[in-house]
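Peer 1: Dropping in final_28.csv, with CSV, C-alpha atoms and all ligand atoms.
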```csv
chain,number,residue,atom,x,y,z
A,3,MET,CA,74.0,-32.9,-16.5
A,4,SER,CA,75.6,-34.9,-19.3
A,5,GLU,CA,73.4,-37.8,-18.5
A,6,HIS,CA,71.4,-37.0,-21.6
A,7,LYS,CA,74.3,-37.9,-23.8
A,8,ASN,CA,74.8,-41.4,-22.4
A,9,GLU,CA,71.5,-43.1,-23.1
A,10,ASP,CA,71.6,-46.3,-25.0
A,11,LYS,CA,70.1,-45.0,-28.2
A,12,LYS,CA,70.7,-41.7,-29.9
A,13,VAL,CA,67.7,-39.4,-29.8
A,14,VAL,CA,66.0,-38.5,-33.1
A,15,LEU,CA,63.6,-35.6,-33.3
A,16,SER,CA,61.8,-34.1,-36.3
A,17,GLY,CA,58.5,-32.5,-37.3
A,18,ILE,CA,56.6,-31.1,-40.3
A,19,ARG,CA,54.4,-28.0,-40.2
A,20,ALA,CA,50.7,-28.6,-40.5
A,21,THR,CA,50.2,-26.6,-43.6
A,22,GLY,CA,48.8,-29.0,-46.1
A,23,ASN,CA,49.3,-32.5,-47.5
A,24,LEU,CA,52.7,-34.0,-47.8
A,25,HIS,CA,54.5,-34.1,-51.1
A,26,LEU,CA,57.5,-36.0,-52.5
A,27,GLY,CA,59.9,-33.3,-51.2
A,28,ASN,CA,58.6,-33.9,-47.7
A,29,TYR,CA,58.7,-37.6,-48.2
A,30,TYR,CA,62.3,-37.9,-49.5
A,31,GLY,CA,63.6,-35.0,-47.5
A,32,ALA,CA,62.1,-36.0,-44.2
A,33,LEU,CA,59.3,-38.6,-43.8
A,34,SER,CA,61.0,-41.6,-45.5
A,35,LYS,CA,64.1,-41.0,-43.2
A,36,PHE,CA,61.8,-40.9,-40.2
A,37,VAL,CA,60.6,-44.3,-41.1
A,38,ARG,CA,64.0,-45.8,-41.8
A,39,MET,CA,65.3,-44.6,-38.5
A,40,GLN,CA,62.6,-45.9,-36.3
A,41,ASP,CA,64.1,-49.3,-35.5
A,42,ASP,CA,67.6,-48.1,-34.5
A,43,TYR,CA,67.0,-44.9,-32.6
A,44,ASP,CA,64.9,-43.3,-29.8
A,45,CYS,CA,62.6,-41.4,-32.3
A,46,ARG,CA,60.2,-38.5,-31.5
A,47,TYR,CA,58.2,-37.1,-34.4
A,48,PHE,CA,55.6,-34.4,-34.1
A,49,VAL,CA,53.2,-32.2,-36.1
A,50,ALA,CA,54.3,-28.6,-35.9
A,51,ASP,CA,51.0,-26.8,-35.5
A,52,LEU,CA,52.4,-23.8,-33.6
A,53,HIS,CA,54.9,-23.2,-36.4
A,54,ALA,CA,52.0,-23.2,-38.8
A,55,LEU,CA,50.5,-20.3,-37.0
A,56,THR,CA,53.3,-18.0,-38.2
A,57,THR,CA,51.6,-17.9,-41.6
A,58,HIS,CA,48.0,-17.5,-40.2
A,59,PRO,CA,46.1,-20.6,-41.3
A,60,ASP,CA,42.3,-20.6,-41.4
A,61,PRO,CA,41.4,-21.6,-37.8
A,62,GLY,CA,38.8,-24.0,-39.3
A,63,MET,CA,41.5,-25.8,-41.3
A,64,LEU,CA,44.3,-26.1,-38.8
A,65,HIS,CA,43.0,-29.1,-36.9
A,66,GLU,CA,42.2,-30.8,-40.2
A,67,ASN,CA,45.7,-30.2,-41.4
A,68,VAL,CA,47.1,-31.7,-38.2
A,69,LYS,CA,45.0,-34.8,-38.7
A,70,GLU,CA,46.1,-35.1,-42.3
A,71,ILE,CA,49.8,-35.0,-41.5
A,72,LEU,CA,49.3,-37.4,-38.7
A,73,ALA,CA,47.5,-39.8,-41.0
A,74,GLU,CA,50.3,-39.4,-43.5
A,75,TYR,CA,53.0,-40.1,-40.9
A,76,LEU,CA,51.2,-43.3,-40.0
A,77,ALA,CA,50.4,-44.3,-43.5
A,78,ALA,CA,54.0,-43.9,-44.6
A,79,GLY,CA,55.0,-46.5,-41.9
A,80,LEU,CA,55.7,-44.7,-38.6
A,81,ASP,CA,54.8,-47.1,-35.9
A,82,PRO,CA,53.4,-45.5,-32.7
A,83,GLU,CA,54.7,-48.4,-30.7
A,84,LYS,CA,58.3,-47.7,-31.8
A,85,ASN,CA,58.2,-43.8,-31.8
A,86,ILE,CA,56.8,-41.0,-29.8
A,87,ILE,CA,54.3,-39.3,-32.1
A,88,TYR,CA,52.7,-36.1,-30.9
A,89,VAL,CA,51.3,-32.7,-31.7
A,90,GLN,CA,53.5,-29.7,-30.8
A,91,SER,CA,50.7,-27.7,-29.1
A,92,ASP,CA,49.9,-30.7,-26.8
A,93,VAL,CA,53.3,-30.1,-25.1
A,94,PRO,CA,52.9,-26.8,-23.4
A,95,GLU,CA,56.4,-27.0,-22.0
A,96,ILE,CA,57.6,-26.1,-25.5
A,97,ALA,CA,55.8,-22.8,-25.4
A,98,GLU,CA,57.3,-21.9,-22.0
A,99,MET,CA,60.8,-22.9,-23.0
A,100,TYR,CA,60.4,-20.9,-26.2
A,101,LEU,CA,59.9,-17.8,-24.1
A,102,LEU,CA,63.0,-18.5,-22.1
A,103,MET,CA,65.1,-19.3,-25.1
A,104,ASN,CA,64.1,-16.1,-26.9
A,105,MET,CA,66.1,-14.2,-24.2
A,106,HIS,CA,69.2,-15.7,-25.9
A,107,ALA,CA,68.2,-15.2,-29.6
A,108,GLY,CA,69.5,-12.1,-31.3
A,109,ILE,CA,67.2,-10.0,-33.4
A,110,GLY,CA,69.9,-9.5,-36.0
A,111,GLU,CA,70.7,-13.2,-36.5
A,112,LEU,CA,67.0,-14.0,-36.7
A,113,MET,CA,66.4,-11.3,-39.3
A,114,ARG,CA,69.3,-12.6,-41.4
A,115,THR,CA,67.8,-16.1,-41.5
A,116,ALA,CA,67.0,-17.1,-45.1
A,117,SER,CA,63.5,-18.4,-44.3
A,118,PHE,CA,62.6,-15.2,-42.5
A,119,LYS,CA,63.9,-13.0,-45.4
A,120,ASP,CA,61.9,-15.1,-47.9
A,121,LYS,CA,58.7,-14.9,-46.0
A,122,ALA,CA,59.1,-11.2,-45.2
A,123,ARG,CA,59.9,-10.4,-48.8
A,124,LYS,CA,56.8,-12.2,-49.9
A,125,ALA,CA,54.6,-10.5,-47.3
A,126,LEU,CA,56.0,-7.1,-48.2
A,127,GLY,CA,56.0,-7.6,-51.9
A,128,ILE,CA,59.7,-6.7,-52.3
A,129,THR,CA,62.5,-8.5,-54.0
A,130,SER,CA,65.7,-7.0,-52.7
A,131,ASP,CA,68.0,-7.2,-49.8
A,132,SER,CA,67.9,-7.3,-46.0
A,133,ASP,CA,68.3,-3.5,-45.6
A,134,GLU,CA,65.1,-2.9,-47.5
A,135,ILE,CA,63.2,-5.5,-45.5
A,136,GLU,CA,64.4,-3.8,-42.3
A,137,ARG,CA,63.5,-0.4,-43.5
A,138,GLU,CA,60.0,-1.6,-44.5
A,139,ILE,CA,59.4,-3.4,-41.2
A,140,CYS,CA,60.8,-0.6,-39.0
A,141,GLY,CA,59.7,2.4,-41.0
A,142,ASN,CA,56.1,1.5,-41.5
A,143,GLN,CA,54.1,1.4,-38.3
A,144,THR,CA,51.0,0.1,-40.0
A,145,ASN,CA,52.8,-2.9,-41.4
A,146,ARG,CA,51.8,-6.0,-39.4
A,147,GLN,CA,52.2,-8.6,-42.1
A,148,VAL,CA,55.5,-9.6,-40.8
A,149,ASN,CA,54.7,-10.9,-37.3
A,150,ALA,CA,57.1,-11.6,-34.5
A,151,GLY,CA,56.4,-15.3,-34.6
A,152,LEU,CA,57.8,-15.4,-38.1
A,153,LEU,CA,61.0,-13.8,-36.8
A,154,THR,CA,61.3,-16.1,-33.8
A,155,TYR,CA,60.4,-19.2,-35.8
A,156,PRO,CA,64.0,-20.6,-35.4
A,157,THR,CA,63.8,-20.2,-31.6
A,158,LEU,CA,60.7,-22.3,-31.5
A,159,MET,CA,62.4,-24.9,-33.7
A,160,ALA,CA,65.5,-24.9,-31.6
A,161,VAL,CA,63.3,-25.5,-28.5
A,162,ASP,CA,61.6,-28.5,-30.3
A,163,ILE,CA,65.0,-30.0,-30.7
A,164,LEU,CA,66.7,-29.0,-27.4
A,165,ILE,CA,63.8,-29.9,-25.2
A,166,HIS,CA,64.5,-33.5,-26.2
A,167,HIS,CA,68.3,-33.2,-26.2
A,168,ALA,CA,68.1,-34.6,-29.7
A,169,ASP,CA,71.2,-35.9,-31.5
A,170,PHE,CA,69.8,-36.3,-35.0
A,171,VAL,CA,67.3,-34.2,-36.8
A,172,PRO,CA,66.3,-35.7,-40.2
A,173,VAL,CA,65.3,-32.8,-42.4
A,174,GLY,CA,65.7,-31.6,-46.0
A,175,LYS,CA,68.5,-29.2,-47.1
A,176,ASP,CA,66.4,-26.1,-46.7
A,177,GLN,CA,66.3,-26.6,-42.9
A,178,GLU,CA,70.1,-26.7,-42.4
A,179,GLN,CA,70.3,-23.0,-41.5
A,180,HIS,CA,67.7,-23.6,-38.7
A,181,LEU,CA,69.8,-26.4,-37.4
A,182,GLU,CA,72.9,-24.2,-37.4
A,183,LEU,CA,70.9,-21.7,-35.3
A,184,THR,CA,69.8,-24.4,-32.9
A,185,ARG,CA,73.4,-25.4,-32.3
A,186,ARG,CA,74.3,-21.7,-31.8
A,187,PHE,CA,71.5,-21.1,-29.3
A,188,GLY,CA,72.4,-24.3,-27.4
A,189,ARG,CA,76.1,-23.4,-27.2
A,190,ARG,CA,75.3,-19.8,-26.2
A,191,PHE,CA,73.1,-21.0,-23.4
A,192,ASN,CA,75.9,-23.3,-22.3
A,193,SER,CA,78.5,-20.6,-22.3
A,194,PHE,CA,76.2,-18.0,-20.7
A,195,TYR,CA,75.3,-20.2,-17.8
A,196,LYS,CA,78.7,-22.0,-17.7
A,197,THR,CA,77.2,-25.4,-18.2
A,198,ASP,CA,77.4,-28.3,-20.7
A,199,TYR,CA,73.7,-28.8,-20.6
A,200,PHE,CA,72.9,-28.9,-24.3
A,201,HIS,CA,74.8,-30.7,-27.0
A,202,ASP,CA,74.8,-30.2,-30.8
A,203,ALA,CA,72.2,-31.8,-33.0
A,204,VAL,CA,72.9,-32.6,-36.6
A,205,ASN,CA,71.0,-33.4,-39.7
A,206,PHE,CA,70.9,-37.1,-40.7
A,207,ASN,CA,70.9,-38.6,-44.1
A,208,PHE,CA,72.4,-42.0,-43.9
A,209,GLY,CA,75.9,-40.8,-44.7
A,210,GLY,CA,74.8,-39.0,-47.9
A,211,ASP,CA,74.1,-35.3,-48.5
A,212,ALA,CA,70.8,-33.7,-47.6
A,213,VAL,CA,68.2,-34.2,-50.2
A,214,LYS,CA,66.6,-31.5,-52.3
A,215,VAL,CA,63.7,-32.8,-54.4
A,216,PRO,CA,63.0,-30.6,-57.4
A,217,GLY,CA,59.6,-29.5,-58.7
A,218,LEU,CA,58.1,-30.4,-62.0
A,219,ASP,CA,58.1,-26.8,-63.3
A,220,GLY,CA,61.7,-26.8,-64.6
A,221,SER,CA,63.4,-25.0,-61.7
A,222,GLY,CA,63.7,-24.8,-58.0
A,223,LYS,CA,62.6,-27.2,-55.3
A,224,MET,CA,59.3,-29.0,-54.9
A,225,GLY,CA,57.3,-26.9,-52.3
A,226,LYS,CA,53.8,-26.3,-51.1
A,227,SER,CA,53.9,-22.7,-51.9
A,228,GLU,CA,55.5,-23.3,-55.3
A,229,GLY,CA,52.5,-25.1,-56.7
A,230,ASN,CA,54.7,-27.7,-58.3
A,231,CYS,CA,54.1,-30.7,-56.1
A,232,ILE,CA,53.3,-34.4,-56.4
A,233,TYR,CA,51.4,-35.3,-53.3
A,234,LEU,CA,51.3,-38.6,-51.5
A,235,ILE,CA,47.5,-38.4,-51.6
A,236,ASP,CA,47.4,-37.7,-55.4
A,237,ASP,CA,45.3,-40.3,-57.2
A,238,GLU,CA,46.7,-42.2,-60.2
A,239,LYS,CA,45.2,-40.0,-62.9
A,240,THR,CA,46.2,-36.7,-61.3
A,241,LEU,CA,49.7,-37.9,-60.7
A,242,ARG,CA,50.2,-39.2,-64.3
A,243,LYS,CA,48.8,-35.9,-65.6
A,244,LYS,CA,51.2,-33.9,-63.5
A,245,VAL,CA,54.2,-35.9,-64.5
A,246,MET,CA,53.3,-35.8,-68.2
A,247,ARG,CA,53.0,-32.0,-68.0
A,248,ALA,CA,56.5,-31.6,-66.4
A,249,VAL,CA,58.6,-28.9,-68.2
A,250,THR,CA,61.3,-30.3,-70.5
A,251,ASP,CA,63.3,-28.8,-73.4
A,252,GLU,CA,63.8,-29.4,-77.1
A,253,GLY,CA,66.0,-32.4,-76.5
A,254,PRO,CA,69.8,-32.9,-76.8
A,255,LYS,CA,71.3,-31.9,-80.1
A,256,VAL,CA,74.9,-32.9,-79.5
A,257,PRO,CA,76.0,-36.3,-77.9
A,258,ASP,CA,77.2,-36.2,-74.3
A,259,SER,CA,75.9,-32.7,-73.6
A,260,GLU,CA,75.1,-31.5,-70.1
A,261,PRO,CA,71.3,-31.8,-69.4
A,262,THR,CA,69.5,-28.5,-68.9
A,263,GLU,CA,67.9,-27.9,-65.4
A,264,PRO,CA,64.4,-29.2,-66.2
A,265,ILE,CA,65.9,-32.5,-67.5
A,266,ARG,CA,68.4,-32.7,-64.6
A,267,ASN,CA,65.4,-32.4,-62.3
A,268,LEU,CA,63.6,-35.3,-64.0
A,269,PHE,CA,66.7,-37.4,-63.6
A,270,THR,CA,66.9,-36.4,-59.9
A,271,LEU,CA,63.4,-37.6,-59.4
A,272,MET,CA,64.2,-40.8,-61.2
A,273,GLU,CA,67.2,-41.4,-59.0
A,274,LEU,CA,64.8,-41.3,-56.0
A,275,VAL,CA,62.1,-43.6,-57.4
A,276,SER,CA,63.4,-45.8,-60.2
A,277,ALA,CA,65.7,-48.8,-60.4
A,278,PRO,CA,69.4,-47.9,-61.2
A,279,ASP,CA,69.2,-49.7,-64.6
A,280,THR,CA,66.1,-47.7,-65.6
A,281,LEU,CA,67.9,-44.5,-64.8
A,282,GLY,CA,71.0,-45.8,-66.6
A,283,HIS,CA,68.9,-46.6,-69.7
A,284,PHE,CA,67.5,-43.0,-69.9
A,285,ARG,CA,70.8,-41.4,-69.2
A,286,SER,CA,72.5,-43.2,-72.1
A,287,ALA,CA,69.5,-42.4,-74.3
A,288,TYR,CA,70.1,-38.7,-73.4
A,289,ALA,CA,73.8,-39.1,-74.0
A,290,ASP,CA,73.3,-40.5,-77.6
A,291,CYS,CA,70.4,-38.1,-78.3
A,292,SER,CA,67.8,-40.9,-78.8
A,293,ILE,CA,65.8,-40.0,-75.7
A,294,ARG,CA,62.1,-39.5,-75.9
A,295,TYR,CA,60.9,-37.4,-73.1
A,296,GLY,CA,57.4,-38.9,-73.3
A,297,ASP,CA,58.8,-42.3,-72.5
A,298,LEU,CA,60.9,-41.0,-69.7
A,299,LYS,CA,57.9,-39.3,-68.1
A,300,LYS,CA,55.7,-42.4,-68.5
A,301,GLN,CA,58.3,-44.5,-66.7
A,302,LEU,CA,58.8,-41.8,-64.1
A,303,ALA,CA,55.1,-41.7,-63.3
A,304,GLU,CA,55.0,-45.5,-63.1
A,305,ASP,CA,57.8,-45.6,-60.6
A,306,ILE,CA,56.4,-42.7,-58.5
A,307,LEU,CA,53.1,-44.5,-58.3
A,308,LYS,CA,54.8,-47.6,-57.0
A,309,VAL,CA,55.9,-45.6,-54.0
A,310,THR,CA,52.9,-43.4,-53.5
A,311,LEU,CA,49.8,-45.5,-54.2
A,312,PRO,CA,50.2,-47.9,-51.3
A,313,ILE,CA,50.7,-44.9,-49.0
A,314,ARG,CA,47.7,-43.2,-50.5
A,315,GLU,CA,45.5,-46.3,-49.7
A,316,ARG,CA,46.6,-46.3,-46.1
A,317,ILE,CA,46.0,-42.6,-45.7
A,318,LEU,CA,42.5,-43.1,-46.9
A,319,ASP,CA,42.0,-45.8,-44.3
A,320,ILE,CA,43.5,-44.0,-41.4
A,321,ARG,CA,42.5,-40.4,-41.8
A,322,GLY,CA,38.8,-41.0,-40.9
A,323,ASP,CA,39.7,-43.0,-37.8
A,324,ASP,CA,39.5,-40.2,-35.2
A,325,GLU,CA,39.6,-42.5,-32.3
A,326,TYR,CA,42.8,-44.2,-33.4
A,327,LEU,CA,44.5,-40.8,-34.2
A,328,SER,CA,43.5,-39.4,-30.9
A,329,ARG,CA,44.8,-42.4,-29.0
A,330,VAL,CA,48.2,-42.1,-30.8
A,331,VAL,CA,48.7,-38.5,-30.0
A,332,GLN,CA,47.4,-38.6,-26.4
A,333,ARG,CA,49.9,-41.3,-25.6
A,334,GLY,CA,52.5,-39.5,-27.6
A,335,ALA,CA,52.0,-36.2,-25.7
A,336,GLU,CA,52.2,-38.0,-22.4
A,337,ARG,CA,55.5,-39.5,-23.3
A,338,ALA,CA,56.9,-36.3,-25.0
A,339,ARG,CA,55.9,-34.3,-21.9
A,340,GLU,CA,58.0,-36.6,-19.6
A,341,THR,CA,61.2,-35.4,-21.3
A,342,ALA,CA,60.0,-31.9,-21.9
A,343,ALA,CA,58.9,-31.3,-18.3
A,344,ARG,CA,62.3,-32.5,-17.1
A,345,THR,CA,64.2,-30.3,-19.5
A,346,LEU,CA,62.1,-27.3,-18.7
A,347,ARG,CA,62.5,-27.8,-15.0
A,348,GLU,CA,66.3,-28.0,-15.4
A,349,VAL,CA,66.4,-25.0,-17.7
A,350,ARG,CA,64.4,-22.9,-15.3
A,351,GLU,CA,66.8,-23.9,-12.6
A,352,ILE,CA,69.9,-23.1,-14.6
A,353,MET,CA,68.4,-19.7,-15.5
A,354,GLY,CA,67.8,-18.9,-11.8
A,355,ILE,CA,64.0,-19.3,-11.7
A,356,ARG,CA,63.2,-20.9,-8.4
A,357,LYS,CA,60.0,-21.6,-6.5
A,358,PHE,CA,59.5,-20.2,-3.1
A,401,LIG,P1,57.2,-26.9,-47.9
A,401,LIG,O1,58.5,-26.4,-48.3
A,401,LIG,O2,56.5,-27.7,-49.0
A,401,LIG,O3,56.4,-25.9,-47.2
A,401,LIG,P2,58.0,-27.8,-45.3
A,401,LIG,O4,58.8,-26.6,-45.1
A,401,LIG,O5,56.8,-28.0,-44.4
A,401,LIG,O6,57.5,-28.0,-46.8
A,401,LIG,O7,59.0,-29.0,-45.0
A,401,LIG,C1,58.8,-30.2,-44.2
A,401,LIG,C2,60.0,-31.1,-44.3
A,401,LIG,O8,60.2,-31.5,-45.7
A,401,LIG,C3,61.4,-30.4,-44.0
A,401,LIG,O9,62.2,-31.3,-43.4
A,401,LIG,C4,61.9,-30.0,-45.3
A,401,LIG,O10,63.3,-29.9,-45.3
A,401,LIG,C5,61.5,-31.1,-46.2
A,401,LIG,N1,61.3,-30.7,-47.6
A,401,LIG,C6,60.3,-29.8,-48.0
A,401,LIG,N2,60.4,-29.7,-49.4
A,401,LIG,C7,61.5,-30.4,-49.7
A,401,LIG,C8,62.2,-30.7,-51.0
A,401,LIG,N3,61.7,-30.1,-52.1
A,401,LIG,N4,63.3,-31.5,-51.0
A,401,LIG,C9,63.7,-32.0,-49.8
A,401,LIG,N5,63.2,-31.8,-48.6
A,401,LIG,C10,62.1,-31.0,-48.6
A,402,LIG,N1,60.9,-25.9,-39.7
A,402,LIG,C1,60.5,-27.2,-40.1
A,402,LIG,C2,59.9,-27.1,-41.6
A,402,LIG,O1,59.6,-26.1,-42.0
A,402,LIG,C3,59.5,-27.8,-39.2
A,402,LIG,C4,60.0,-28.0,-37.8
A,402,LIG,C5,59.6,-27.3,-36.7
A,402,LIG,C6,61.0,-28.9,-37.4
A,402,LIG,N2,60.3,-27.7,-35.7
A,402,LIG,C7,61.2,-28.7,-36.0
A,402,LIG,C8,61.8,-29.8,-38.1
A,402,LIG,C9,62.1,-29.4,-35.3
A,402,LIG,C10,62.8,-30.5,-37.3
A,402,LIG,C11,62.9,-30.3,-36.0
A,402,LIG,O2,59.8,-28.1,-42.1
```
Would you mind writing the structure in this file as structure tokens?
Peer 2:
Amino acid sequence: MSEHKNEDKKVVLSGIRATGNLHLGNYYGALSKFVRMQDDYDCRYFVADLHALTTHPDPGMLHENVKEILAEYLAAGLDPEKNIIYVQSDVPEIAEMYLLMNMHAGIGELMRTASFKDKARKALGITSDSDEIEREICGNQTNRQVNAGLLTYPTLMAVDILIHHADFVPVGKDQEQHLELTRRFGRRFNSFYKTDYFHDAVNFNFGGDAVKVPGLDGSGKMGKSEGNCIYLIDDEKTLRKKVMRAVTDEGPKVPDSEPTEPIRNLFTLMELVSAPDTLGHFRSAYADCSIRYGDLKKQLAEDILKVTLPIRERILDIRGDDEYLSRVVQRGAERARETAARTLREVREIMGIRKF
């Protein structure tokens, strides 16, 4: 069954949940890598609408969100001729394989996953450790905020990846634990059924470390639920306002001092969007204490706009074109289902499910 490993091009697979517009964190952590990889690999990119269900989106909004992400994929430069672009729920084989793979996922390891603990803590309104989460979930029969889909989120993600026998999964740093679980489930399946059917998938970052894009509020990562995002769809005025309001500090008092976190974050953003000499200029101004944060922010806003404005214009063009969007995903689903159906058939067979 090792035929999957010997295809000409390595298989790339990634997706983003349909939970709102894409921000710079999504762009640099994931989407820009999708675009850069499309010429050299066999790429499959999808919109994760089933994963979005774990946090109970408004049913009236889910489809709009799927469309929005799709338009943003295309606007950022993903070419449907070069990639398989699809919506997760259009590939029912994923749901069936998720059921099968759950037979090999341990409740303990799922409960220890950082993303589960974060979401469970938020839902339960507690701040402390795993034991308390477990006590709350098991001890309180009426507590249904933490649903089983949230617990088995990593199984579904592993299936997204394994069903395509993916080699590379371009994602941001926060997803690395999920990738680790994917490898674990694949290896466990292999050893349980004495096969070499699945192989390991790894993150991909063009040789560098996984990216973590900071927010504008001084600490932590940029994230939809953090409310600290610059969106690809932000108009010029909104974007400038957000950057000018970014948290800073009182400025360096001593030459060559270590920047505080809010300032380090602004430099990190600059590393992503600005030319090296622009960054160098502001770093030396910081080092000799002559820096003016207002100037730095103005430059930063300018350089972000150079990246986002052309994408914004394309999003506005594409997102109303229902016919085009539906053509892209129908074709994408057909192609994704070819691989998915084959994998599912083989997995059922390995597990002993046979037709009469
Ligand atoms: P959010 O955290 O805003 O809800 P998602 O979890 O939907 O975003 O993430 C979609 C993709 O974007 C994932 O590959 C994730 O690793 C990446 N990503 C999200 N936020 C960041 C960030 N701040 N820095 C780097 N990558 C990120
Ligand atoms: N968990 C990912 C996120 O929150 C989304 C996702 C679902 C994904 N399935 C995937 C990413 C498979 C890469 C591969 O962003």
Peer 1: Using only C-alpha atoms and all ligand atoms, find each residue with an atom at most 7 Å away from ligand LIG 402 (chain A) and format the answer as an MDAnalysis selection string.
Peer 2: chainID A and resid 15:19 50 53 158:160 162:163 171:173 177
Peer 1: For ligand LIG 401 (chain A), which of A:Lys121, A:Arg38, A:Arg247, A:Arg285 is the closest residue, counting only C-alpha atoms and all ligand atoms?
Peer 2: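 Smallest separation from ligand LIG 401 (chain A) among the options: A:Lys121.
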Peer 1: Ligand LIG 401 (chain A): which residues are within 6 Å, counting all atoms listed in the file, as a VMD selection string?
Peer 2: chain A and resid 18 to 19 27 to 28 31 to 32 173 to 177 213 to 216 223 to 226
Peer 1: Restrict the calculation to all atoms listed in the file, then for each residue of segment 3-111 of chain A with any atom at most 7 Å from an atom of segment 337-352 of chain A give the closest atom pair and their distance in Å to one decimal, rows by chain and rising residue number, as JSON lines.
Peer 2:
```
{"residue": "A:Ile86", "atom": "CA", "partner": "A:Ala338", "partner_atom": "CA", "distance": 6.7}
{"residue": "A:Val93", "atom": "CA", "partner": "A:Arg339", "partner_atom": "CA", "distance": 5.9}
{"residue": "A:Glu95", "atom": "CA", "partner": "A:Ala342", "partner_atom": "CA", "distance": 6.1}
{"residue": "A:Met99", "atom": "CA", "partner": "A:Leu346", "partner_atom": "CA", "distance": 6.3}
```
Peer 1: Neighbouring residues of Gly334 of chain A were defined as those with any atom within 10 Å, considering all atoms listed in the file; residues of the same chain fewer than 4 positions away were excluded. Please report them as a PDB file with C-alpha atoms, keeping the file's coordinate frame.
Peer 2:
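Okay, this is what ended up in result.pdb:
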```
ATOM      1  CA  ARG A  46      60.200 -38.500 -31.500  1.00  0.00           C
ATOM      2  CA  TYR A  47      58.200 -37.100 -34.400  1.00  0.00           C
ATOM      3  CA  PHE A  48      55.600 -34.400 -34.100  1.00  0.00           C
ATOM      4  CA  PRO A  82      53.400 -45.500 -32.700  1.00  0.00           C
ATOM      5  CA  GLU A  83      54.700 -48.400 -30.700  1.00  0.00           C
ATOM      6  CA  ASN A  85      58.200 -43.800 -31.800  1.00  0.00           C
ATOM      7  CA  ILE A  86      56.800 -41.000 -29.800  1.00  0.00           C
ATOM      8  CA  ILE A  87      54.300 -39.300 -32.100  1.00  0.00           C
ATOM      9  CA  TYR A  88      52.700 -36.100 -30.900  1.00  0.00           C
ATOM     10  CA  VAL A  89      51.300 -32.700 -31.700  1.00  0.00           C
ATOM     11  CA  ASP A  92      49.900 -30.700 -26.800  1.00  0.00           C
ATOM     12  CA  VAL A  93      53.300 -30.100 -25.100  1.00  0.00           C
ATOM     13  CA  SER A 328      43.500 -39.400 -30.900  1.00  0.00           C
ATOM     14  CA  ARG A 329      44.800 -42.400 -29.000  1.00  0.00           C
ATOM     15  CA  VAL A 330      48.200 -42.100 -30.800  1.00  0.00           C
ATOM     16  CA  ALA A 338      56.900 -36.300 -25.000  1.00  0.00           C
ATOM     17  CA  ARG A 339      55.900 -34.300 -21.900  1.00  0.00           C
TER      18      ARG A 339
END
```
Peer 1: Would you pick out the contacts of His58 of chain A at 12 Å or less, using all atoms listed in the file, so that residues sharing its chain but fewer than 2 positions from it are not included, and give the list as a list in words?
Peer 2: Ala20, Thr21, Asp51, Leu52, His53, Ala54, Leu55, Thr56, Asp60, Pro61, Gly62, Met63, Leu64, Ala125, Gln147, Val148, Asn149, Gly151 and Leu152 of chain A
Peer 1: Taking (51.3, -41.7, -49.0) as a centre in this file's frame and 10 Å as the limit, can you find every polymer residue with an atom that close, using all atoms listed in the file, and give them as an mmCIF file with C-alpha atoms, keeping the file's coordinate frame?
Peer 2:
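This is the output file out14.cif:
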```cif
data_model
loop_
_atom_site.group_PDB
_atom_site.id
_atom_site.type_symbol
_atom_site.label_atom_id
_atom_site.label_comp_id
_atom_site.auth_asym_id
_atom_site.auth_seq_id
_atom_site.Cartn_x
_atom_site.Cartn_y
_atom_site.Cartn_z
ATOM 1 C CA ASN A 23 49.300 -32.500 -47.500
ATOM 2 C CA LEU A 24 52.700 -34.000 -47.800
ATOM 3 C CA HIS A 25 54.500 -34.100 -51.100
ATOM 4 C CA LEU A 26 57.500 -36.000 -52.500
ATOM 5 C CA TYR A 29 58.700 -37.600 -48.200
ATOM 6 C CA ALA A 73 47.500 -39.800 -41.000
ATOM 7 C CA GLU A 74 50.300 -39.400 -43.500
ATOM 8 C CA TYR A 75 53.000 -40.100 -40.900
ATOM 9 C CA LEU A 76 51.200 -43.300 -40.000
ATOM 10 C CA ALA A 77 50.400 -44.300 -43.500
ATOM 11 C CA ALA A 78 54.000 -43.900 -44.600
ATOM 12 C CA GLY A 79 55.000 -46.500 -41.900
ATOM 13 C CA TYR A 233 51.400 -35.300 -53.300
ATOM 14 C CA LEU A 234 51.300 -38.600 -51.500
ATOM 15 C CA ILE A 235 47.500 -38.400 -51.600
ATOM 16 C CA ASP A 236 47.400 -37.700 -55.400
ATOM 17 C CA LEU A 307 53.100 -44.500 -58.300
ATOM 18 C CA VAL A 309 55.900 -45.600 -54.000
ATOM 19 C CA THR A 310 52.900 -43.400 -53.500
ATOM 20 C CA LEU A 311 49.800 -45.500 -54.200
ATOM 21 C CA PRO A 312 50.200 -47.900 -51.300
ATOM 22 C CA ILE A 313 50.700 -44.900 -49.000
ATOM 23 C CA ARG A 314 47.700 -43.200 -50.500
ATOM 24 C CA GLU A 315 45.500 -46.300 -49.700
ATOM 25 C CA ARG A 316 46.600 -46.300 -46.100
ATOM 26 C CA ILE A 317 46.000 -42.600 -45.700
ATOM 27 C CA LEU A 318 42.500 -43.100 -46.900
#
```
Peer 1: So which one's closest to Thr262 of chain A, A:Ser276, A:Ser221, A:Ser117, A:Ser227? Using only C-alpha atoms, please.
Peer 2: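 Between A:Ser276, A:Ser221, A:Ser117, A:Ser227, the residue approaching Thr262 of chain A most closely is A:Ser221.
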Peer 1: Calculate how many Å separate atom CA of Val331 of chain A from atom CA of Asp42 of chain A, rounding to one decimal.
Peer 2: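 Going from atom CA of Val331 of chain A over to atom CA of Asp42 of chain A covers 21.7 Å.
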